[in-house]
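Trainee: data_6.cif is the file, holding mmCIF, C-alpha atoms:
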```cif
data_final
loop_
_atom_site.label_atom_id
_atom_site.label_comp_id
_atom_site.auth_asym_id
_atom_site.auth_seq_id
_atom_site.Cartn_x
_atom_site.Cartn_y
_atom_site.Cartn_z
CA MET A 14 149.15 130.18 113.02
CA SER A 15 152.11 127.78 113.17
CA GLU A 16 153.41 125.86 110.17
CA ALA A 17 152.35 122.60 111.82
CA GLY A 18 148.80 123.89 112.20
CA GLU A 19 148.71 124.98 108.57
CA ALA A 20 149.95 121.54 107.48
CA GLN A 21 147.31 119.76 109.56
CA MET A 22 144.33 121.58 108.07
CA PRO A 23 144.53 120.06 104.58
CA ALA A 24 145.02 116.60 106.10
CA SER A 25 141.97 117.12 108.32
CA GLN A 26 139.90 118.29 105.38
CA THR A 27 141.09 115.34 103.29
CA GLY A 28 140.22 112.92 106.07
CA GLY A 29 136.76 114.43 106.40
CA SER A 30 136.24 114.19 102.67
CA MET A 31 137.27 110.51 102.68
CA ILE A 32 134.88 109.75 105.54
CA ARG A 33 132.00 111.51 103.76
CA GLY A 34 132.83 109.64 100.56
CA SER A 35 132.87 106.33 102.42
CA LEU A 36 129.52 107.05 104.05
CA VAL A 37 128.02 107.97 100.68
CA SER A 38 129.33 104.73 99.16
CA LEU A 39 127.96 102.70 102.07
CA GLY A 40 124.58 104.40 101.81
CA VAL A 41 124.47 103.70 98.07
CA ARG A 42 125.22 100.01 98.62
CA LEU A 43 122.54 99.73 101.31
CA LEU A 44 120.01 101.07 98.81
CA ASP A 45 121.46 99.37 95.74
CA LEU A 46 121.54 95.75 96.89
CA PRO A 47 117.96 95.46 98.22
CA SER A 48 116.58 97.30 95.18
CA ARG A 49 118.40 95.33 92.49
CA TYR A 50 118.14 91.87 94.01
CA GLY A 51 114.66 92.56 95.39
CA PHE A 52 113.70 93.28 91.79
CA HIS A 53 114.86 89.82 90.67
CA LEU A 54 113.20 88.02 93.56
CA LEU A 55 109.97 89.90 92.92
CA ILE A 56 110.08 88.88 89.25
CA ALA A 57 110.37 85.22 90.28
CA ALA A 58 107.53 85.50 92.80
CA MET A 59 105.15 87.22 90.36
CA LEU A 60 105.83 85.34 87.13
CA GLY A 61 106.57 81.76 88.09
CA VAL A 62 109.37 79.62 86.68
CA VAL A 63 108.34 79.41 83.01
CA GLN A 64 107.45 83.10 82.57
CA THR A 65 110.56 84.04 84.55
CA GLY A 66 112.60 82.14 81.96
CA ASP A 67 110.85 84.05 79.17
CA PHE A 68 111.46 87.32 80.98
CA TYR A 69 115.18 86.73 81.47
CA ILE A 70 115.68 85.76 77.84
CA VAL A 71 114.16 89.10 76.82
CA PHE A 72 115.75 91.12 79.64
CA SER A 73 119.23 89.72 78.98
CA THR A 74 118.88 90.56 75.30
CA MET A 75 117.87 94.09 76.29
CA VAL A 76 120.84 94.44 78.65
CA ALA A 77 123.31 93.38 75.96
CA LEU A 78 121.87 95.62 73.23
CA ALA A 79 121.36 98.64 75.48
CA GLY A 80 125.12 99.06 75.72
CA PHE A 81 125.23 99.84 72.00
CA GLY A 82 122.94 102.77 72.70
CA ARG A 83 125.54 104.30 75.02
CA LEU A 84 128.84 103.28 73.40
CA GLY A 85 130.70 104.37 76.54
CA ILE A 86 129.65 107.99 76.01
CA ASP A 87 128.28 108.27 79.55
CA GLN A 88 131.68 107.30 81.01
CA ALA A 89 133.55 109.55 78.58
CA LEU A 90 131.27 112.42 79.64
CA THR A 91 132.25 111.90 83.29
CA ARG A 92 135.92 112.25 82.41
CA GLN A 93 135.34 115.22 80.10
CA ILE A 94 133.37 117.22 82.69
CA ALA A 95 135.92 116.48 85.41
CA MET A 96 138.76 117.62 83.14
CA ASP A 97 136.91 120.77 82.09
CA LEU A 98 136.19 121.77 85.68
CA ALA A 99 139.75 120.98 86.77
CA ALA A 100 141.11 123.12 83.92
CA GLY A 101 138.79 126.02 84.75
CA GLU A 102 136.79 125.52 81.53
CA ALA A 103 133.35 125.49 83.12
CA ARG A 104 131.86 127.05 79.99
CA ALA A 105 132.54 123.77 78.15
CA VAL A 106 130.45 121.65 80.53
CA ARG A 107 126.98 122.39 79.15
CA PRO A 108 127.95 121.94 75.46
CA ALA A 109 129.58 118.60 76.36
CA ILE A 110 126.42 117.42 78.12
CA ARG A 111 124.21 118.48 75.22
CA ARG A 112 126.48 116.71 72.74
CA ALA A 113 126.53 113.53 74.83
CA LEU A 114 122.75 113.45 75.19
CA TRP A 115 122.31 113.96 71.46
CA LEU A 116 124.73 111.15 70.59
CA VAL A 117 123.11 108.78 73.07
CA LEU A 118 119.64 109.65 71.76
CA LEU A 119 120.70 108.85 68.19
CA ALA A 120 122.39 105.56 69.11
CA SER A 121 119.56 104.46 71.39
CA THR A 122 116.92 105.26 68.79
CA ALA A 123 118.84 103.19 66.24
CA MET A 124 119.05 100.23 68.64
CA SER A 125 115.34 100.53 69.51
CA ILE A 126 114.41 100.44 65.83
CA ALA A 127 116.78 97.53 65.20
CA LEU A 128 115.37 95.40 68.04
CA GLY A 129 111.78 96.32 67.18
CA ALA A 130 112.30 95.42 63.53
CA GLY A 131 114.23 92.22 64.26
CA ALA A 132 112.20 90.99 67.22
CA PHE A 133 110.00 88.59 65.26
CA ALA A 134 112.85 87.11 63.23
CA PHE A 135 114.96 86.66 66.38
CA ALA A 136 112.09 85.03 68.30
CA TYR A 137 111.06 82.71 65.44
CA ASP A 138 114.37 81.79 63.80
CA VAL A 139 116.95 82.02 66.60
CA LEU A 140 115.15 81.44 69.89
CA LYS A 141 112.48 79.17 68.38
CA LYS A 142 110.04 80.81 70.80
CA PRO A 143 107.45 82.78 68.79
CA GLU A 144 105.68 83.90 71.97
CA LEU A 145 108.65 86.14 72.78
CA ALA A 146 108.33 88.29 69.64
CA TRP A 147 106.08 90.94 71.19
CA PRO A 148 107.96 91.04 74.52
CA LEU A 149 111.20 91.64 72.61
CA ALA A 150 109.54 94.47 70.67
CA LEU A 151 108.25 95.95 73.94
CA GLY A 152 111.73 95.70 75.45
CA ALA A 153 113.00 98.12 72.80
CA LEU A 154 110.90 100.86 74.44
CA SER A 155 113.26 101.08 77.40
CA PHE A 156 116.47 101.81 75.47
CA ILE A 157 116.02 105.58 75.07
CA PRO A 158 115.07 106.48 78.68
CA GLN A 159 117.55 103.96 80.09
CA ASN A 160 120.50 105.32 78.15
CA LEU A 161 119.59 108.99 78.50
CA GLY A 162 119.40 108.39 82.25
CA ALA A 163 122.85 106.77 82.14
CA ALA A 164 124.26 109.79 80.29
CA MET A 165 122.81 112.11 82.93
CA ALA A 166 124.28 109.90 85.64
CA GLY A 167 127.66 110.21 83.94
CA ALA A 168 127.30 113.99 83.95
CA LEU A 169 126.39 113.98 87.65
CA ALA A 170 129.49 111.90 88.39
CA GLY A 171 131.62 114.44 86.53
CA LEU A 172 130.09 117.17 88.69
CA GLN A 173 131.20 115.20 91.79
CA ARG A 174 127.62 114.26 92.70
CA VAL A 175 128.51 110.62 93.17
CA GLY A 176 125.56 109.60 95.34
CA CYS A 177 123.03 111.07 92.91
CA SER A 178 124.91 109.53 89.99
CA GLN A 179 124.77 106.04 91.50
CA MET A 180 121.09 106.52 92.28
CA ILE A 181 120.34 107.15 88.60
CA TYR A 182 122.76 104.50 87.38
CA SER A 183 121.77 101.60 89.58
CA TRP A 184 119.09 101.58 92.25
CA LEU A 185 116.33 104.09 91.50
CA TRP A 186 114.67 102.28 88.59
CA PRO A 187 114.41 98.89 90.36
CA ALA A 188 113.17 100.67 93.48
CA ILE A 189 110.42 102.36 91.44
CA PHE A 190 109.60 99.04 89.80
CA CYS A 191 109.26 97.23 93.13
CA ALA A 192 107.17 100.02 94.67
CA VAL A 193 104.66 99.83 91.80
CA ALA A 194 104.82 96.10 91.01
CA ILE A 195 103.95 94.89 94.52
CA PRO A 196 100.47 96.49 94.73
CA LEU A 197 99.88 96.02 91.01
CA GLY A 198 100.79 92.33 91.15
CA LEU A 199 98.58 91.73 94.18
CA THR A 200 95.54 93.31 92.53
CA HIS A 201 95.87 92.50 88.82
CA GLY A 202 98.74 90.06 88.45
CA MET A 203 101.73 90.51 86.16
CA SER A 204 102.77 89.09 82.81
CA VAL A 205 106.05 89.30 80.90
CA ALA A 206 104.63 92.07 78.70
CA SER A 207 103.30 94.16 81.60
CA THR A 208 106.59 93.67 83.46
CA LEU A 209 108.57 95.02 80.50
CA MET A 210 106.22 98.00 80.16
CA LEU A 211 106.66 98.76 83.86
CA ILE A 212 110.44 98.56 83.45
CA ALA A 213 110.26 101.09 80.59
CA ALA A 214 108.13 103.39 82.78
CA SER A 215 110.61 103.02 85.66
CA PHE A 216 113.50 103.98 83.39
CA THR A 217 111.50 106.99 82.17
CA LEU A 218 110.86 108.26 85.72
CA THR A 219 114.52 107.68 86.56
CA ALA A 220 115.64 109.68 83.51
CA LEU A 221 113.31 112.53 84.46
CA THR A 222 114.73 112.49 87.99
CA GLY A 223 118.24 112.58 86.53
CA ALA A 224 117.31 115.55 84.33
CA PHE A 225 115.94 117.42 87.35
CA LEU A 226 119.05 116.75 89.45
CA LEU A 227 121.39 117.65 86.60
CA ARG A 228 119.59 120.93 85.97
CA ARG A 229 119.73 121.73 89.67
CA PHE A 230 123.47 121.07 90.05
CA LEU A 231 124.35 122.78 86.78
CA ALA A 232 122.91 125.98 88.22
CA GLY A 233 126.09 126.30 90.29
CA VAL A 234 128.38 125.87 87.28
CA PRO A 235 129.24 129.16 85.59
CA GLY A 236 128.46 129.31 81.89
CA GLY A 237 130.10 131.26 79.14
CA ALA A 238 129.06 133.54 76.33
CA GLN A 239 130.86 131.40 73.76
CA ALA A 240 131.00 127.67 73.29
CA PRO A 241 134.45 126.02 73.14
CA ALA A 242 136.13 126.12 69.74
CA GLU A 243 136.33 122.33 69.38
CA PRO A 244 133.57 120.05 70.69
CA PRO A 245 134.86 117.08 72.70
CA CYS A 246 135.25 113.79 70.83
CA LEU A 247 133.05 111.84 73.23
CA LEU A 248 132.41 108.97 70.85
CA LYS A 249 136.12 108.41 70.21
CA ALA A 250 136.86 108.58 73.94
CA GLY A 251 133.91 106.36 74.80
CA LEU A 252 134.57 103.43 72.46
CA PRO A 253 137.55 102.00 74.44
CA LEU A 254 135.47 102.28 77.61
CA PHE A 255 132.55 100.62 75.83
CA THR A 256 134.75 97.63 74.93
CA LEU A 257 135.27 96.88 78.62
CA GLU A 258 131.64 97.59 79.47
CA PHE A 259 130.37 95.34 76.69
CA THR A 260 132.53 92.49 78.00
CA LYS A 261 130.84 92.86 81.38
CA LEU A 262 127.41 93.02 79.75
CA LEU A 263 128.10 89.81 77.83
CA ILE A 264 129.21 88.02 80.98
CA THR A 265 125.97 89.11 82.64
CA SER A 266 123.53 88.49 79.81
CA ALA A 267 124.98 85.78 77.58
CA PRO A 268 124.11 82.75 79.78
CA ALA A 269 120.36 83.43 79.76
CA VAL A 270 120.30 84.23 76.03
CA VAL A 271 122.29 81.11 75.11
CA LEU A 272 120.07 78.96 77.32
CA GLY A 273 117.06 80.56 75.68
CA ILE A 274 118.34 79.29 72.35
CA VAL A 275 119.26 75.73 73.37
CA ALA A 276 116.91 75.03 76.30
CA SER A 277 113.31 75.52 77.35
CA SER A 278 111.93 78.57 79.12
CA ARG A 279 111.47 76.50 82.28
CA GLU A 280 115.13 75.47 82.38
CA THR A 281 116.20 79.03 81.67
CA GLY A 282 113.99 80.26 84.51
CA LEU A 283 115.43 77.73 86.97
CA PHE A 284 118.96 78.75 86.01
CA ALA A 285 118.17 82.46 86.32
CA LEU A 286 116.61 81.99 89.77
CA ALA A 287 119.55 79.91 91.03
CA TRP A 288 122.03 82.44 89.65
CA ARG A 289 120.32 85.43 91.26
CA LEU A 290 119.97 83.66 94.59
CA ALA A 291 123.67 82.77 94.49
CA LEU A 292 124.55 86.41 93.82
#
```
Let's see the structure in the file written out as structure tokens.

Mentor:
Amino acid sequence: MSEAGEAQMPASQTGGSMIRGSLVSLGVRLLDLPSRYGFHLLIAAMLGVVQTGDFYIVFSTMVALAGFGRLGIDQALTRQIAMDLAAGEARAVRPAIRRALWLVLLASTAMSIALGAGAFAFAYDVLKKPELAWPLALGALSFIPQNLGAAMAGALAGLQRVGCSQMIYSWLWPAIFCAVAIPLGLTHGMSVASTLMLIAASFTLTALTGAFLLRRFLAGVPGGAQAPAEPPCLLKAGLPLFTLEFTKLLITSAPAVVLGIVASSRETGLFALAWRLAL
């Protein structure tokens, strides 16, 4: 084979990899956008303006607090797995995943307890909306499956399973919600409380799917008889990433929470609907 032919093969393989990556990204977006924004439109159609306002006050609070259950560990895990595989340290992958899941479980449990314990005080004293106390407490149920699913998605991204990672991160849970909520809403109707319970169930099914995919793809990663001498400092690596993520979460969730404090549920609902339609 000529030198020119040898030089062309890597370029051809790289081009094919870029095309496959682009197609995966396009496919993810085609699934992501209808699922996520269909979720918000379905909420508005099922709950009406006032209950939609109540829902977004609770949901935005959940979104902001859920980040404290991850602390950027899911993103740090992606980097750690990629570095371990690149360095030929495949035996370190499974211990890193176990450590990340344990840290996320502890942080998420703490945030669930905190929101559950403070739900009534927050609803009565801050929001001045006592009817939101139980929905806020119910919202705490979703933290653990949501954040464990995010950690598994981070692990899948580190294993170069980007399409599966984005499925767990973004579009699977709203797709499950919409698939169940449409027939359920037509037959029994939906309330803010039942909507939050269905969200928690959707996150749970998504986390179980992530666990199945992660177990499947880890089967191709060689293990080792001994764990690495030093466990990775995922929390230390994740905190700078969490700072950026929390800024994004605040931008997304703060408007509805602030409106929930200073305005009525109806006004909050109208704002939330206009915002989602604009997006």

Trainee: So what does the PyMOL selection byres ((chain A and resi 184-197) around 8) actually pick up in this one, as a PyMOL selection string?

Mentor: chain A and resi 44-46+48-49+51-52+55+179-183+198-203+211-212+215-216+218-219

Trainee: Once the PyMOL selection byres ((chain A and resi 234) around 12) has been evaluated on this model, what residues remain selected, and can you format them as a list in words?

Mentor: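 On the file shown, the PyMOL selection byres ((chain A and resi 234) around 12) covers Ile94, Asp97, Leu98, Gly101, Glu102, Ala103, Arg104, Ala105, Val106, Arg107, Gly171, Leu172, Gln173, Leu227, Arg228, Arg229, Phe230, Leu231, Ala232, Gly233, Pro235, Gly236 and Gly237 of chain A.
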
Trainee: Could you check the closest approach to A:Ala206 for each of A:Ala220, A:Met165, A:Ala130, A:Ala153 and tell me which residue wins, using all atoms listed in the file?

Mentor: A:Ala153

Trainee: Need the shell around A:Leu90: protein/DNA/RNA residues with any atom at most 7 Å away, counting all atoms listed in the file. Skip same-chain ones fewer than 3 positions apart. Format as an MDAnalysis selection string?

Mentor: chainID A and resid 86:87 93:94 113 167:168 247

Trainee: Counting only C-alpha atoms, figure out which residue out of A:Gly162, A:Pro245, A:Pro47, A:Gly152 gets nearest to A:Thr74.

Mentor: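 Smallest separation from A:Thr74 among the options: A:Gly152.
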
Trainee: Need to verify the contact set: stretch 251-267 of chain A, 8 Å, only C-alpha atoms, exclusion of same-chain residues closer than 3 positions in sequence. Can you return it as a list in words?

Mentor: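 Skipping anything fewer than 3 positions along the chain leaves Ser73, Thr74, Val76, Ala77, Gly80, Arg83, Leu84, Gly85, Ile86, Asp87, Gln88, Ala89, Leu247, Leu248, Val270 and Val271 of chain A.
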
Trainee: For the file shown, what are the residues hit by the PyMOL selection byres ((chain A and resi 283-288) around 10), laid out as a PyMOL selection string?

Mentor: chain A and resi 53-54+56-57+61-63+65-66+68-70+268-269+272+278-282+289-292

Trainee: Please measure the separation of atom CA of A:Cys246 and atom CA of A:Arg174, giving the value in Å to one decimal.

Mentor: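 Distance between the two atoms: 23.2 Å.
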
Trainee: Restricting the calculation to only C-alpha atoms, which member of A:Met96, A:Lys249, A:Asp67, A:Val175 is positioned closest to A:Leu209?

Mentor: A:Asp67

Trainee: Which polymer residues have any atom within 10 Å of an atom of A:Ala132, counting all atoms listed in the file, with same-chain residues fewer than 5 positions away left out, as a list in words?

Mentor: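 The filter keeps Val71, Ile126, Ala127, Tyr137, Pro143, Leu145, Ala146, Trp147, Pro148, Leu149, Ala150, Leu151, Gly152 and Ala153 of chain A.
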
Trainee: What does the distance from atom CA of A:Leu118 to atom CA of A:Phe72 come to in Å, to one decimal?

Mentor: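 For atom CA of A:Leu118 relative to atom CA of A:Phe72, the distance reads 20.5 Å.
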
Trainee: With distances taken over all atoms listed in the file, which residue among A:Leu161, A:Leu140, A:Val205, A:Ala170 lies nearest A:Thr222?

Mentor: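 Of A:Leu161, A:Leu140, A:Val205, A:Ala170, the one nearest A:Thr222, counting all atoms listed in the file, is A:Leu161.
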
Trainee: Can you put all heavy atoms back into stretch 93-104 of chain A and show it as a short mmCIF file (atom, residue, chain, number, x, y, z; two decimals), keeping the file's coordinate frame?

Mentor:
```
data_model
loop_
_atom_site.label_atom_id
_atom_site.label_comp_id
_atom_site.auth_asym_id
_atom_site.auth_seq_id
_atom_site.Cartn_x
_atom_site.Cartn_y
_atom_site.Cartn_z
N GLN A 93 135.24 113.93 80.77
CA GLN A 93 135.34 115.22 80.10
C GLN A 93 134.93 116.36 81.04
O GLN A 93 135.60 117.40 81.10
CB GLN A 93 134.44 115.22 78.86
CG GLN A 93 134.54 116.47 78.03
CD GLN A 93 135.91 116.66 77.42
OE1 GLN A 93 136.49 115.71 76.91
NE2 GLN A 93 136.44 117.88 77.46
N ILE A 94 133.83 116.17 81.77
CA ILE A 94 133.37 117.22 82.69
C ILE A 94 134.39 117.43 83.80
O ILE A 94 134.70 118.57 84.17
CB ILE A 94 131.99 116.85 83.26
CG1 ILE A 94 130.93 116.91 82.16
CG2 ILE A 94 131.61 117.79 84.41
CD1 ILE A 94 129.56 116.46 82.61
N ALA A 95 134.92 116.35 84.35
CA ALA A 95 135.92 116.48 85.41
C ALA A 95 137.15 117.23 84.91
O ALA A 95 137.70 118.08 85.62
CB ALA A 95 136.30 115.09 85.93
N MET A 96 137.59 116.92 83.69
CA MET A 96 138.76 117.62 83.14
C MET A 96 138.46 119.09 82.88
O MET A 96 139.30 119.96 83.15
CB MET A 96 139.22 116.93 81.86
CG MET A 96 139.85 115.58 82.07
SD MET A 96 140.63 114.88 80.57
CE MET A 96 139.19 114.67 79.52
N ASP A 97 137.26 119.38 82.35
CA ASP A 97 136.91 120.77 82.09
C ASP A 97 136.86 121.59 83.37
O ASP A 97 137.37 122.72 83.42
CB ASP A 97 135.55 120.84 81.38
CG ASP A 97 135.61 120.36 79.94
OD1 ASP A 97 136.72 120.37 79.36
OD2 ASP A 97 134.57 119.96 79.40
N LEU A 98 136.28 121.04 84.41
CA LEU A 98 136.19 121.77 85.68
C LEU A 98 137.57 121.93 86.30
O LEU A 98 137.89 122.99 86.85
CB LEU A 98 135.26 121.04 86.64
CG LEU A 98 133.78 121.01 86.25
CD1 LEU A 98 132.97 120.20 87.25
CD2 LEU A 98 133.21 122.43 86.15
N ALA A 99 138.40 120.89 86.21
CA ALA A 99 139.75 120.98 86.77
C ALA A 99 140.59 122.01 86.03
O ALA A 99 141.46 122.67 86.62
CB ALA A 99 140.43 119.62 86.74
N ALA A 100 140.34 122.18 84.73
CA ALA A 100 141.11 123.12 83.92
C ALA A 100 140.51 124.53 83.94
O ALA A 100 141.02 125.42 83.26
CB ALA A 100 141.20 122.63 82.48
N GLY A 101 139.43 124.72 84.69
CA GLY A 101 138.79 126.02 84.75
C GLY A 101 137.98 126.35 83.51
O GLY A 101 137.70 127.52 83.24
N GLU A 102 137.58 125.33 82.75
CA GLU A 102 136.79 125.52 81.53
C GLU A 102 135.33 125.16 81.79
O GLU A 102 134.76 124.30 81.11
CB GLU A 102 137.37 124.67 80.40
CG GLU A 102 138.73 125.09 79.93
CD GLU A 102 138.69 126.41 79.16
OE1 GLU A 102 137.62 126.76 78.65
OE2 GLU A 102 139.74 127.07 79.08
N ALA A 103 134.73 125.81 82.76
CA ALA A 103 133.35 125.49 83.12
C ALA A 103 132.37 125.78 81.98
O ALA A 103 131.33 125.14 81.88
CB ALA A 103 132.94 126.29 84.37
N ARG A 104 132.74 126.71 81.10
CA ARG A 104 131.86 127.05 79.99
C ARG A 104 131.69 125.89 79.01
O ARG A 104 130.75 125.86 78.21
CB ARG A 104 132.40 128.27 79.24
CG ARG A 104 133.72 128.03 78.54
CD ARG A 104 134.34 129.31 78.01
NE ARG A 104 135.63 129.05 77.36
CZ ARG A 104 135.77 128.84 76.07
NH1 ARG A 104 134.70 128.84 75.28
NH2 ARG A 104 136.96 128.62 75.54
#
```
